[in-house]
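K.L.:
Dropping in data_13.tsv, with TSV, C-alpha atoms.
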```tsv
chain	number	residue	atom	x	y	z
A	4	MET	CA	112.00	134.63	92.02
A	5	THR	CA	115.69	135.49	92.15
A	6	THR	CA	117.76	132.41	92.86
A	7	LYS	CA	120.52	132.96	95.39
A	8	LYS	CA	124.02	131.89	94.41
A	9	PRO	CA	125.39	128.73	95.99
A	10	ALA	CA	128.47	130.68	97.08
A	11	ARG	CA	126.35	132.27	99.81
A	12	THR	CA	125.45	129.01	101.46
A	13	SER	CA	126.43	127.84	104.91
A	14	VAL	CA	128.65	125.14	103.43
A	15	ALA	CA	130.68	127.74	101.58
A	16	ARG	CA	131.21	130.06	104.51
A	17	SER	CA	130.94	128.08	107.73
A	18	LYS	CA	133.07	125.53	109.52
A	19	GLY	CA	131.44	122.94	107.28
A	20	ALA	CA	133.54	124.26	104.40
A	21	GLN	CA	136.69	123.16	106.21
A	22	VAL	CA	135.68	119.49	106.25
A	23	LYS	CA	133.18	119.01	103.44
A	24	LYS	CA	135.50	116.88	101.28
A	25	THR	CA	136.53	114.56	104.12
A	26	ALA	CA	134.71	111.31	104.84
A	27	PRO	CA	132.63	110.99	108.01
A	28	GLN	CA	134.31	109.23	110.93
A	29	ALA	CA	133.82	105.49	111.14
A	30	GLY	CA	130.38	104.64	112.48
A	31	THR	CA	128.90	108.04	111.68
A	32	ALA	CA	126.72	109.34	108.85
A	33	ARG	CA	126.69	112.81	107.36
A	34	VAL	CA	123.32	114.54	107.12
A	35	ALA	CA	122.17	117.88	105.76
A	36	ALA	CA	119.39	120.39	106.35
A	37	ILE	CA	118.62	122.74	103.48
A	38	GLN	CA	117.38	126.29	104.03
A	39	MET	CA	115.51	128.26	101.38
A	40	ALA	CA	113.42	131.40	100.95
A	41	SER	CA	111.05	129.93	98.38
A	42	GLY	CA	108.81	131.95	96.12
A	43	PRO	CA	105.57	131.35	94.18
A	44	ASN	CA	107.21	129.81	91.08
A	45	VAL	CA	107.54	126.03	91.43
A	46	PRO	CA	110.15	125.46	88.67
A	47	SER	CA	112.39	128.20	90.12
A	48	ASN	CA	112.17	126.69	93.59
A	49	LEU	CA	112.99	123.21	92.25
A	50	SER	CA	115.99	124.64	90.41
A	51	GLU	CA	117.33	126.23	93.59
A	52	ALA	CA	116.63	123.09	95.60
A	53	GLU	CA	118.62	121.07	93.04
A	54	GLN	CA	121.65	123.34	93.46
A	55	LEU	CA	121.47	123.10	97.23
A	56	ILE	CA	121.05	119.32	97.17
A	57	GLU	CA	124.17	119.12	95.01
A	58	LEU	CA	126.08	121.23	97.55
A	59	ALA	CA	124.93	118.92	100.34
A	60	VAL	CA	126.06	115.86	98.37
A	61	GLU	CA	129.43	117.47	97.66
A	62	ALA	CA	129.76	117.97	101.42
A	63	GLY	CA	129.28	114.22	101.90
A	64	ALA	CA	125.63	114.14	103.02
A	65	ARG	CA	123.83	110.80	102.59
A	66	LEU	CA	120.57	112.01	104.12
A	67	VAL	CA	119.26	115.39	102.94
A	68	VAL	CA	116.17	117.15	104.31
A	69	LEU	CA	114.36	120.02	102.57
A	70	PRO	CA	112.18	122.64	104.35
A	71	GLU	CA	108.39	122.85	104.56
A	72	PHE	CA	106.76	123.78	101.24
A	73	PHE	CA	110.21	124.11	99.66
A	74	CYS	CA	108.50	123.95	96.27
A	75	ILE	CA	106.09	126.87	96.74
A	76	MET	CA	105.53	129.79	99.08
A	77	ALA	CA	102.56	131.26	97.26
A	78	MET	CA	101.01	134.69	97.04
A	79	LYS	CA	97.60	133.23	97.95
A	80	ASP	CA	96.10	129.92	99.05
A	81	ALA	CA	94.49	129.29	95.67
A	82	ASP	CA	97.96	129.08	94.11
A	83	VAL	CA	98.96	126.30	96.52
A	84	VAL	CA	95.78	124.39	95.65
A	85	LYS	CA	96.56	124.83	91.96
A	86	ALA	CA	100.07	123.39	92.49
A	87	ARG	CA	98.90	120.34	94.46
A	88	GLU	CA	99.64	116.92	93.06
A	89	ALA	CA	97.98	113.53	93.13
A	90	GLU	CA	99.90	111.00	95.19
A	91	GLY	CA	102.65	109.44	93.09
A	92	HIS	CA	102.24	111.84	90.16
A	93	GLY	CA	103.47	115.31	89.29
A	94	PRO	CA	106.65	117.32	88.65
A	95	ILE	CA	107.50	117.91	92.31
A	96	GLN	CA	107.41	114.22	93.22
A	97	THR	CA	109.26	113.35	90.01
A	98	PHE	CA	111.94	115.87	90.98
A	99	LEU	CA	112.39	114.37	94.45
A	100	ALA	CA	112.65	110.83	93.11
A	101	ARG	CA	115.13	111.94	90.44
A	102	MET	CA	117.36	113.78	92.94
A	103	ALA	CA	117.43	110.83	95.33
A	104	LYS	CA	118.29	108.36	92.59
A	105	LYS	CA	120.81	110.61	90.85
A	106	HIS	CA	122.81	111.30	94.00
A	107	LYS	CA	122.12	107.93	95.67
A	108	ILE	CA	120.90	109.64	98.83
A	109	TRP	CA	117.93	109.40	101.14
A	110	LEU	CA	115.92	112.56	100.52
A	111	VAL	CA	113.20	113.95	102.76
A	112	GLY	CA	111.05	116.22	100.63
A	113	GLY	CA	110.31	118.67	103.44
A	114	SER	CA	106.68	119.02	102.55
A	115	ILE	CA	104.71	119.45	99.34
A	116	PRO	CA	101.01	120.05	98.60
A	117	LEU	CA	99.15	116.85	97.76
A	118	GLU	CA	95.49	116.35	96.97
A	119	ALA	CA	93.01	116.49	99.85
A	120	SER	CA	89.50	115.07	100.10
A	121	VAL	CA	88.03	118.49	99.29
A	122	ALA	CA	88.66	120.66	96.25
A	123	ASN	CA	89.89	123.83	97.97
A	124	LYS	CA	92.45	122.28	100.34
A	125	VAL	CA	95.72	120.36	100.27
A	126	ARG	CA	97.53	117.82	102.42
A	127	ASN	CA	100.83	119.21	103.72
A	128	SER	CA	102.83	116.05	103.03
A	129	CYS	CA	106.37	115.07	103.97
A	130	LEU	CA	107.70	112.45	101.53
A	131	VAL	CA	110.79	110.26	101.96
A	132	TYR	CA	112.74	108.70	99.08
A	133	ASP	CA	115.55	106.15	99.31
A	134	GLU	CA	118.74	106.09	97.24
A	135	ARG	CA	116.95	104.20	94.45
A	136	GLY	CA	114.47	107.05	94.05
A	137	LYS	CA	111.67	104.97	95.55
A	138	ARG	CA	109.21	106.65	97.87
A	139	VAL	CA	109.27	104.81	101.18
A	140	ALA	CA	107.14	106.98	103.48
A	141	ARG	CA	104.55	109.74	103.57
A	142	TYR	CA	103.52	111.81	106.57
A	143	ASP	CA	100.69	114.36	106.45
A	144	LYS	CA	101.07	117.25	108.88
A	145	ILE	CA	98.70	116.73	111.81
A	146	HIS	CA	98.81	120.01	113.75
A	147	LEU	CA	97.69	123.13	111.86
A	148	PHE	CA	99.12	126.50	112.79
A	149	GLY	CA	96.87	129.29	114.00
A	150	LEU	CA	98.03	132.71	115.21
A	151	ASP	CA	96.26	136.01	115.83
A	152	LEU	CA	98.44	138.86	117.06
A	153	GLY	CA	96.20	141.57	115.65
A	154	ASN	CA	98.41	142.68	112.76
A	155	GLU	CA	99.70	139.15	112.10
A	156	ARG	CA	97.24	136.34	111.41
A	157	TYR	CA	97.60	132.79	110.14
A	158	GLN	CA	94.99	130.06	109.88
A	159	GLU	CA	96.36	126.95	108.16
A	160	ALA	CA	93.09	125.08	108.59
A	161	LYS	CA	91.60	127.21	105.80
A	162	LEU	CA	94.05	125.66	103.33
A	163	ILE	CA	95.29	122.39	104.82
A	164	GLU	CA	93.48	119.16	105.62
A	165	PRO	CA	95.22	117.54	108.63
A	166	GLY	CA	96.75	114.09	108.70
A	167	ASP	CA	95.69	111.49	111.24
A	168	LYS	CA	98.63	109.18	111.90
A	169	VAL	CA	102.17	109.25	113.21
A	170	VAL	CA	104.81	107.97	110.78
A	171	VAL	CA	108.29	106.63	111.44
A	172	ILE	CA	110.57	104.87	108.98
A	173	ASN	CA	113.36	102.36	109.37
A	174	SER	CA	116.41	103.56	107.45
A	175	PRO	CA	120.18	103.04	107.25
A	176	PHE	CA	120.48	106.04	109.60
A	177	GLY	CA	118.23	104.57	112.28
A	178	ARG	CA	114.52	105.00	112.85
A	179	ILE	CA	113.41	108.40	111.57
A	180	GLY	CA	110.36	110.19	112.98
A	181	LEU	CA	108.56	112.54	110.58
A	182	SER	CA	106.98	115.84	111.58
A	183	VAL	CA	106.33	119.26	110.04
A	184	CYS	CA	106.72	122.73	111.57
A	185	TYR	CA	103.83	123.38	114.03
A	186	ASP	CA	103.96	119.72	115.10
A	187	LEU	CA	107.07	120.79	117.02
A	188	ARG	CA	104.91	122.32	119.76
A	189	PHE	CA	103.27	118.99	120.59
A	190	PRO	CA	105.73	116.70	122.42
A	191	GLU	CA	103.16	113.90	122.64
A	192	LEU	CA	103.56	113.41	118.87
A	193	TYR	CA	107.20	112.45	119.37
A	194	ARG	CA	106.41	110.30	122.41
A	195	ALA	CA	104.10	108.31	120.15
A	196	MET	CA	107.04	107.46	117.88
A	197	PRO	CA	108.40	104.04	118.90
A	198	ASP	CA	112.18	103.91	119.43
A	199	VAL	CA	112.94	106.93	117.27
A	200	ASP	CA	116.65	107.74	116.70
A	201	LEU	CA	116.36	110.76	114.45
A	202	ILE	CA	113.62	113.38	114.13
A	203	VAL	CA	113.10	115.64	111.13
A	204	VAL	CA	111.20	118.91	111.43
A	205	PRO	CA	110.97	120.75	108.08
A	206	SER	CA	109.56	124.16	108.95
A	207	ALA	CA	108.45	127.62	107.85
A	208	PHE	CA	108.22	129.32	111.25
A	209	THR	CA	107.13	132.95	111.20
A	210	ALA	CA	109.76	135.50	112.15
A	211	THR	CA	107.78	136.36	115.30
A	212	THR	CA	107.27	132.86	116.68
A	213	GLY	CA	110.63	131.66	115.41
A	214	ARG	CA	112.62	134.28	117.29
A	215	ALA	CA	110.75	133.45	120.47
A	216	HIS	CA	110.58	129.66	120.37
A	217	PHE	CA	112.21	127.81	117.45
A	218	GLU	CA	115.62	126.97	118.95
A	219	THR	CA	114.15	126.22	122.37
A	220	LEU	CA	111.61	123.78	120.95
A	221	ILE	CA	114.09	122.05	118.63
A	222	ARG	CA	116.60	121.51	121.42
A	223	ALA	CA	113.88	120.39	123.83
A	224	ARG	CA	112.66	117.72	121.41
A	225	ALA	CA	116.24	116.47	121.01
A	226	ILE	CA	116.92	116.39	124.75
A	227	GLU	CA	113.68	114.80	125.90
A	228	ASN	CA	113.82	112.09	123.23
A	229	LEU	CA	117.62	111.66	123.36
A	230	ALA	CA	117.55	111.80	119.57
A	231	TYR	CA	119.17	113.79	116.80
A	232	VAL	CA	116.96	116.50	115.27
A	233	ILE	CA	117.33	117.82	111.72
A	234	ALA	CA	115.41	121.06	111.31
A	235	PRO	CA	115.55	122.65	107.83
A	236	ALA	CA	113.58	125.85	107.51
A	237	GLN	CA	112.35	128.59	105.26
A	238	GLY	CA	114.40	131.66	106.15
A	239	GLY	CA	113.97	135.15	104.72
A	240	TYR	CA	111.52	137.45	102.99
A	241	HIS	CA	109.03	135.99	100.50
A	242	LEU	CA	107.30	137.70	97.59
A	243	SER	CA	103.98	137.32	99.40
A	244	GLY	CA	105.28	139.72	102.05
A	245	ARG	CA	105.73	136.98	104.62
A	246	GLU	CA	108.95	136.74	106.63
A	247	THR	CA	110.13	133.36	107.88
A	248	HIS	CA	112.58	132.84	110.72
A	249	GLY	CA	115.16	130.47	109.23
A	250	ASP	CA	117.87	129.33	111.67
A	251	SER	CA	117.99	125.82	110.22
A	252	MET	CA	119.95	123.57	112.54
A	253	ILE	CA	121.04	120.06	113.38
A	254	VAL	CA	121.00	119.20	117.09
A	255	ASP	CA	122.48	116.20	118.86
A	256	PRO	CA	120.75	114.10	121.58
A	257	TRP	CA	122.36	116.19	124.34
A	258	GLY	CA	120.82	119.36	122.90
A	259	VAL	CA	124.03	120.69	121.33
A	260	VAL	CA	123.59	122.62	118.09
A	261	LEU	CA	126.05	121.01	115.66
A	262	ASP	CA	125.53	123.45	112.80
A	263	ARG	CA	123.08	126.19	111.91
A	264	LEU	CA	122.29	128.89	109.34
A	265	PRO	CA	120.48	132.03	110.56
A	266	ARG	CA	119.14	133.40	107.24
A	267	GLY	CA	119.09	132.90	103.48
A	268	SER	CA	119.56	129.89	101.26
A	269	GLY	CA	122.17	127.37	102.30
A	270	VAL	CA	123.13	123.98	103.62
A	271	VAL	CA	123.68	122.91	107.23
A	272	ILE	CA	125.90	119.85	107.66
A	273	ALA	CA	126.68	117.52	110.58
A	274	ASN	CA	127.63	113.94	111.41
A	275	ILE	CA	125.26	111.76	113.40
A	276	ASN	CA	126.78	109.09	115.63
A	277	PRO	CA	124.54	106.18	116.72
A	278	ALA	CA	127.13	105.01	119.26
A	279	TYR	CA	127.15	108.41	120.93
A	280	LYS	CA	123.34	108.43	121.09
A	281	ALA	CA	123.37	104.92	122.57
A	282	SER	CA	125.94	105.90	125.19
A	283	LEU	CA	123.82	108.87	126.27
A	284	ARG	CA	120.74	106.68	126.58
A	285	LYS	CA	122.71	104.21	128.68
A	286	SER	CA	124.11	106.95	130.95
A	287	LEU	CA	120.77	108.75	131.24
A	288	PRO	CA	118.02	106.15	130.67
A	289	ALA	CA	115.21	108.69	130.90
A	290	LEU	CA	113.21	106.98	128.17
A	291	LYS	CA	113.08	103.83	130.30
A	292	HIS	CA	111.97	105.84	133.33
A	293	ARG	CA	108.69	106.93	131.75
A	294	PHE	CA	105.59	105.72	133.57
A	295	ILE	CA	102.92	108.06	132.17
A	296	GLN	CA	101.93	106.91	128.69
A	297	CYS	CA	100.29	109.40	126.37
A	298	GLN	CA	97.22	108.50	124.36
A	299	GLN	CA	98.48	107.43	120.98
A	300	ILE	CA	96.89	107.57	117.60
A	301	GLU	CA	97.68	105.10	114.85
A	302	VAL	CA	101.39	104.71	114.14
A	303	GLU	CA	102.72	103.63	110.76
A	304	VAL	CA	106.18	102.06	110.71
A	305	ALA	CA	107.41	102.24	107.13
A	306	GLU	CA	109.91	99.63	105.97
A	307	ARG	CA	112.53	100.21	103.30
A	308	ARG	CA	111.44	97.39	101.01
A	309	SER	CA	107.75	97.15	101.69
A	310	ALA	CA	104.65	99.29	101.50
A	311	GLY	CA	104.80	99.60	105.28
A	312	ARG	CA	102.96	98.08	108.16
A	313	ARG	CA	100.85	99.68	110.81
A	314	GLU	CA	101.25	99.40	114.52
A	315	THR	CA	98.89	100.67	117.14
A	316	LYS	CA	100.35	100.92	120.58
```
Go through the file and emit its structure as structure tokens.
P.N.:
Amino acid sequence: MTTKKPARTSVARSKGAQVKKTAPQAGTARVAAIQMASGPNVPSNLSEAEQLIELAVEAGARLVVLPEFFCIMAMKDADVVKAREAEGHGPIQTFLARMAKKHKIWLVGGSIPLEASVANKVRNSCLVYDERGKRVARYDKIHLFGLDLGNERYQEAKLIEPGDKVVVINSPFGRIGLSVCYDLRFPELYRAMPDVDLIVVPSAFTATTGRAHFETLIRARAIENLAYVIAPAQGGYHLSGRETHGDSMIVDPWGVVLDRLPRGSGVVIANINPAYKASLRKSLPALKHRFIQCQQIEVEVAERRSAGRRETK
């Protein structure tokens, strides 16, 4: 895989470059979404991710989110299975912990392949590390993508074993709701997240579905939940022949796109403002006006300094 130069990133060429060395305004926190066009070689992808994380940190980000399967976009499913790791062990998880600790950031590891209960599948797992390099949450992708447009077919269920619980985590940035890619099409997942302030959606949308729906769905999830959404994505052509949509973005609770990157490797940067979110919820208390409750599955609320507790609502 050819690693793209950091000079081509969003930070280096967008409005973010104008302010990247300034501190966030009082009461705000700077966050970053990283976009990649990953290939089949795990070490190469980790090397590129490290460069992009460093760019995000230089821009002042304290919370950094990587895209879905940032570590491998394989030529075939068997290669993903070969790269899967046992929970808590392996070079990909070691890398994430090291980056978080080194830069003293909260790092959301997009998603990586972890062991499943069967030999020929993986869990598509989103892992969160705090600034000490400690893993504080794990979410396994629940909804598995399927598409048949004749000449374009995907069936994630052949490779991925689905998760079975919603995960949110209490953090210095507010309560973060975890989701991955195709989950975005299921608003009931986000309604099951109690009091969520910030939603992350690491993705690898296809070029076809991404052009049609990605921005609309991201902004809808922000608006209906009155929450910030960080949506890092795979964006470009992959050695397998697949094309992903990209257009990584950060959206505020009013549905405004704060920063975005259409294609290629790069970093999207924005400030999140809890006071602004709170003022919107006070002015438009739509979340309090709900009277139809969706059926909820088990919800895990992960705490910073504990193994986590489970709540069922």
K.L.:
Show which residues sit within 9 Å of Ala86 of chain A, as a PDB file with C-alpha atoms, in the coordinates of the input. Count all atoms listed in the file, and ignore same-chain residues fewer than 2 positions away.
P.N.:
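File result-v9.pdb, as written:
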```
ATOM      1  CA  VAL A  45     107.540 126.030  91.430  1.00  0.00           C
ATOM      2  CA  ILE A  75     106.090 126.870  96.740  1.00  0.00           C
ATOM      3  CA  ALA A  81      94.490 129.290  95.670  1.00  0.00           C
ATOM      4  CA  ASP A  82      97.960 129.080  94.110  1.00  0.00           C
ATOM      5  CA  VAL A  83      98.960 126.300  96.520  1.00  0.00           C
ATOM      6  CA  VAL A  84      95.780 124.390  95.650  1.00  0.00           C
ATOM      7  CA  GLU A  88      99.640 116.920  93.060  1.00  0.00           C
ATOM      8  CA  PRO A 116     101.010 120.050  98.600  1.00  0.00           C
ATOM      9  CA  LEU A 117      99.150 116.850  97.760  1.00  0.00           C
TER      10      LEU A 117
END
```
K.L.:
Could you produce a table of the residues of segment 108-131 of chain A lying within 10 Å of segment 26-41 of chain A, with the nearest pair of atoms per residue and their separation in Å rounded to one decimal, using only C-alpha atoms, ordered by chain and increasing residue number, as CSV?
P.N.:
```
residue,atom,partner,partner_atom,distance
A:Ile108,CA,A:Val34,CA,9.9
A:Trp109,CA,A:Val34,CA,9.6
A:Leu110,CA,A:Ala35,CA,9.7
A:Val111,CA,A:Ala36,CA,9.6
A:Gly113,CA,A:Ile37,CA,9.3
```
K.L.:
Take atom CA of His216 of chain A and atom CA of Glu71 of chain A and report the distance between them in Å, one decimal.
P.N.:
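Rounded to one decimal, the two atoms are 17.4 Å apart.
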K.L.:
Please report the interatomic distance between atom CA of Pro70 of chain A and atom CA of Ser206 of chain A in Å with one decimal.
P.N.:
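Spanning atom CA of Pro70 of chain A to atom CA of Ser206 of chain A is a straight-line distance of 5.5 Å.
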K.L.:
Between atom CA of Ile295 of chain A and atom CA of Phe189 of chain A, measure the distance and give it in Å to one decimal.
P.N.:
15.9 Å
K.L.:
Could you check the closest approach to Leu99 of chain A for each of A:Ala305, A:Ile221, A:Ile56, A:Ala122 and tell me which residue wins, using all atoms listed in the file?
P.N.:
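Comparing A:Ala305, A:Ile221, A:Ile56, A:Ala122 against Leu99 of chain A, the winner is A:Ile56.
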K.L.:
Any chance you could tabulate, as a tab-separated table, the residues of segment 173-287 of chain A at most 8 Å from segment 136-153 of chain A with each one's nearest atom pair and distance in Å to one decimal, using all atoms listed in the file, in chain and rising number order?
P.N.:
```
residue	atom	partner	partner_atom	distance
A:Leu181	CA	A:Tyr142	CA	6.5
A:Ser182	CA	A:Lys144	CA	6.6
A:Val183	CA	A:Lys144	CA	5.7
A:Tyr185	CA	A:Phe148	CA	5.8
A:Asp186	CA	A:His146	CA	5.3
```
K.L.:
Using only C-alpha atoms for the distances, tell me which of A:Ala278, A:Arg188, A:Pro94, A:Pro235 is nearest to Asp262 of chain A.
P.N.:
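For Asp262 of chain A, the nearest of the candidates is A:Pro235.
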K.L.:
Could you list, as a list in words, every residue within 12 Å of Ala281 of chain A, counting all atoms listed in the file and ignoring same-chain residues fewer than 4 positions away?
P.N.:
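The residues that qualify are Gly177, Asp198, Val199, Asp200, Asn228, Leu229, Ala230, Tyr231, Asp255, Pro256, Trp257, Ile275, Asn276, Pro277, Lys285, Ser286, Leu287, Pro288 and Leu290 of chain A.
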K.L.:
Identify, on the basis of all atoms listed in the file, every residue whose closest approach to Lys161 of chain A does not exceed 9 Å; exclude the query and any residue fewer than 2 positions from it along the same chain; express the result as a list in words.
P.N.:
Asp80, Asn123, Lys124, Gln158, Glu159, Ile163 and Glu164 of chain A
K.L.:
Go ahead and dump the residues you just picked, C-alpha atoms, as a CSV table (one decimal), in the frame of the given file.
P.N.:
```csv
chain,number,residue,atom,x,y,z
A,80,ASP,CA,96.1,129.9,99.0
A,123,ASN,CA,89.9,123.8,98.0
A,124,LYS,CA,92.4,122.3,100.3
A,158,GLN,CA,95.0,130.1,109.9
A,159,GLU,CA,96.4,127.0,108.2
A,163,ILE,CA,95.3,122.4,104.8
A,164,GLU,CA,93.5,119.2,105.6
```
K.L.:
For Pro43 of chain A, which residue out of A:Leu162, A:Ala89, A:Ile172, A:Leu242 is the nearest one, using all atoms listed in the file?
P.N.:
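Selected residue with least distance to Pro43 of chain A: A:Leu242.
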K.L.:
So which residues touch Glu218 of chain A within 12 Å, counting only C-alpha atoms, skipping near sequence neighbours fewer than 6 positions away, as a list in words?
P.N.:
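Skipping anything fewer than 6 positions along the chain leaves Leu187, Arg188, Val204, Phe208, Thr212, Arg224, Ala225, Val232, Ile233, Ala234, Pro235, Ala236, His248, Gly249, Asp250, Ser251, Met252, Ile253, Val254, Gly258, Val259, Val260, Arg263, Leu264 and Pro265 of chain A.
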K.L.:
Any idea what's packed within 10 Å of His106 of chain A, counting all atoms listed in the file, ignoring anything in its chain fewer than 4 positions away? Could you give it as a list of chain:residue names?
P.N.:
A:Ile56, A:Glu57, A:Val60, A:Glu61, A:Ala64, A:Arg65, A:Arg101, A:Met102, A:Leu110, A:Glu134, A:Arg135, A:Gly136
K.L.:
Create the file for the chosen residues now, containing C-alpha atoms and written as an mmCIF file, in the frame of the given file.
P.N.:
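As written to disk, again19.cif reads:
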```
data_model
loop_
_atom_site.group_PDB
_atom_site.id
_atom_site.type_symbol
_atom_site.label_atom_id
_atom_site.label_comp_id
_atom_site.auth_asym_id
_atom_site.auth_seq_id
_atom_site.Cartn_x
_atom_site.Cartn_y
_atom_site.Cartn_z
ATOM 1 C CA ILE A 56 121.050 119.320 97.170
ATOM 2 C CA GLU A 57 124.170 119.120 95.010
ATOM 3 C CA VAL A 60 126.060 115.860 98.370
ATOM 4 C CA GLU A 61 129.430 117.470 97.660
ATOM 5 C CA ALA A 64 125.630 114.140 103.020
ATOM 6 C CA ARG A 65 123.830 110.800 102.590
ATOM 7 C CA ARG A 101 115.130 111.940 90.440
ATOM 8 C CA MET A 102 117.360 113.780 92.940
ATOM 9 C CA LEU A 110 115.920 112.560 100.520
ATOM 10 C CA GLU A 134 118.740 106.090 97.240
ATOM 11 C CA ARG A 135 116.950 104.200 94.450
ATOM 12 C CA GLY A 136 114.470 107.050 94.050
#
```
K.L.:
Closest to Gly267 of chain A among A:His241, A:Arg284, A:His292, A:Arg222, using only C-alpha atoms?
P.N.:
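Nearest to Gly267 of chain A: A:His241.
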K.L.:
So, with all atoms listed in the file as the atoms that count, which of A:Ser282, A:Gln54, A:Gln298, A:Thr211 lies closest to Glu246 of chain A?
P.N.:
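Checking each of A:Ser282, A:Gln54, A:Gln298, A:Thr211 against Glu246 of chain A, counting all atoms listed in the file, the winner is A:Thr211.
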K.L.:
Kindly output segment 141-153 of chain A as a CSV table (one decimal), in the coordinates of the input, after building N, CA and C atoms.
P.N.:
```csv
chain,number,residue,atom,x,y,z
A,141,ARG,N,105.3,108.5,103.7
A,141,ARG,CA,104.6,109.7,103.6
A,141,ARG,C,103.9,110.1,104.9
A,142,TYR,N,104.2,111.3,105.3
A,142,TYR,CA,103.5,111.8,106.6
A,142,TYR,C,102.8,113.1,106.2
A,143,ASP,N,101.5,113.2,106.6
A,143,ASP,CA,100.7,114.4,106.4
A,143,ASP,C,100.6,115.1,107.8
A,144,LYS,N,101.0,116.4,107.7
A,144,LYS,CA,101.1,117.2,108.9
A,144,LYS,C,99.8,117.2,109.7
A,145,ILE,N,99.9,116.9,111.0
A,145,ILE,CA,98.7,116.7,111.8
A,145,ILE,C,98.2,118.1,112.4
A,146,HIS,N,99.2,118.8,113.0
A,146,HIS,CA,98.8,120.0,113.8
A,146,HIS,C,98.9,121.2,112.8
A,147,LEU,N,97.8,122.0,112.8
A,147,LEU,CA,97.7,123.1,111.9
A,147,LEU,C,97.8,124.4,112.6
A,148,PHE,N,98.7,125.3,112.1
A,148,PHE,CA,99.1,126.5,112.8
A,148,PHE,C,98.0,127.5,112.8
A,149,GLY,N,97.8,128.2,113.9
A,149,GLY,CA,96.9,129.3,114.0
A,149,GLY,C,97.5,130.4,114.9
A,150,LEU,N,97.4,131.6,114.5
A,150,LEU,CA,98.0,132.7,115.2
A,150,LEU,C,97.2,134.0,114.9
A,151,ASP,N,96.9,134.7,116.0
A,151,ASP,CA,96.3,136.0,115.8
A,151,ASP,C,96.9,137.0,116.8
A,152,LEU,N,97.8,137.8,116.3
A,152,LEU,CA,98.4,138.9,117.1
A,152,LEU,C,97.9,140.2,116.6
A,153,GLY,N,96.7,140.3,116.1
A,153,GLY,CA,96.2,141.6,115.6
A,153,GLY,C,96.6,141.9,114.2
```
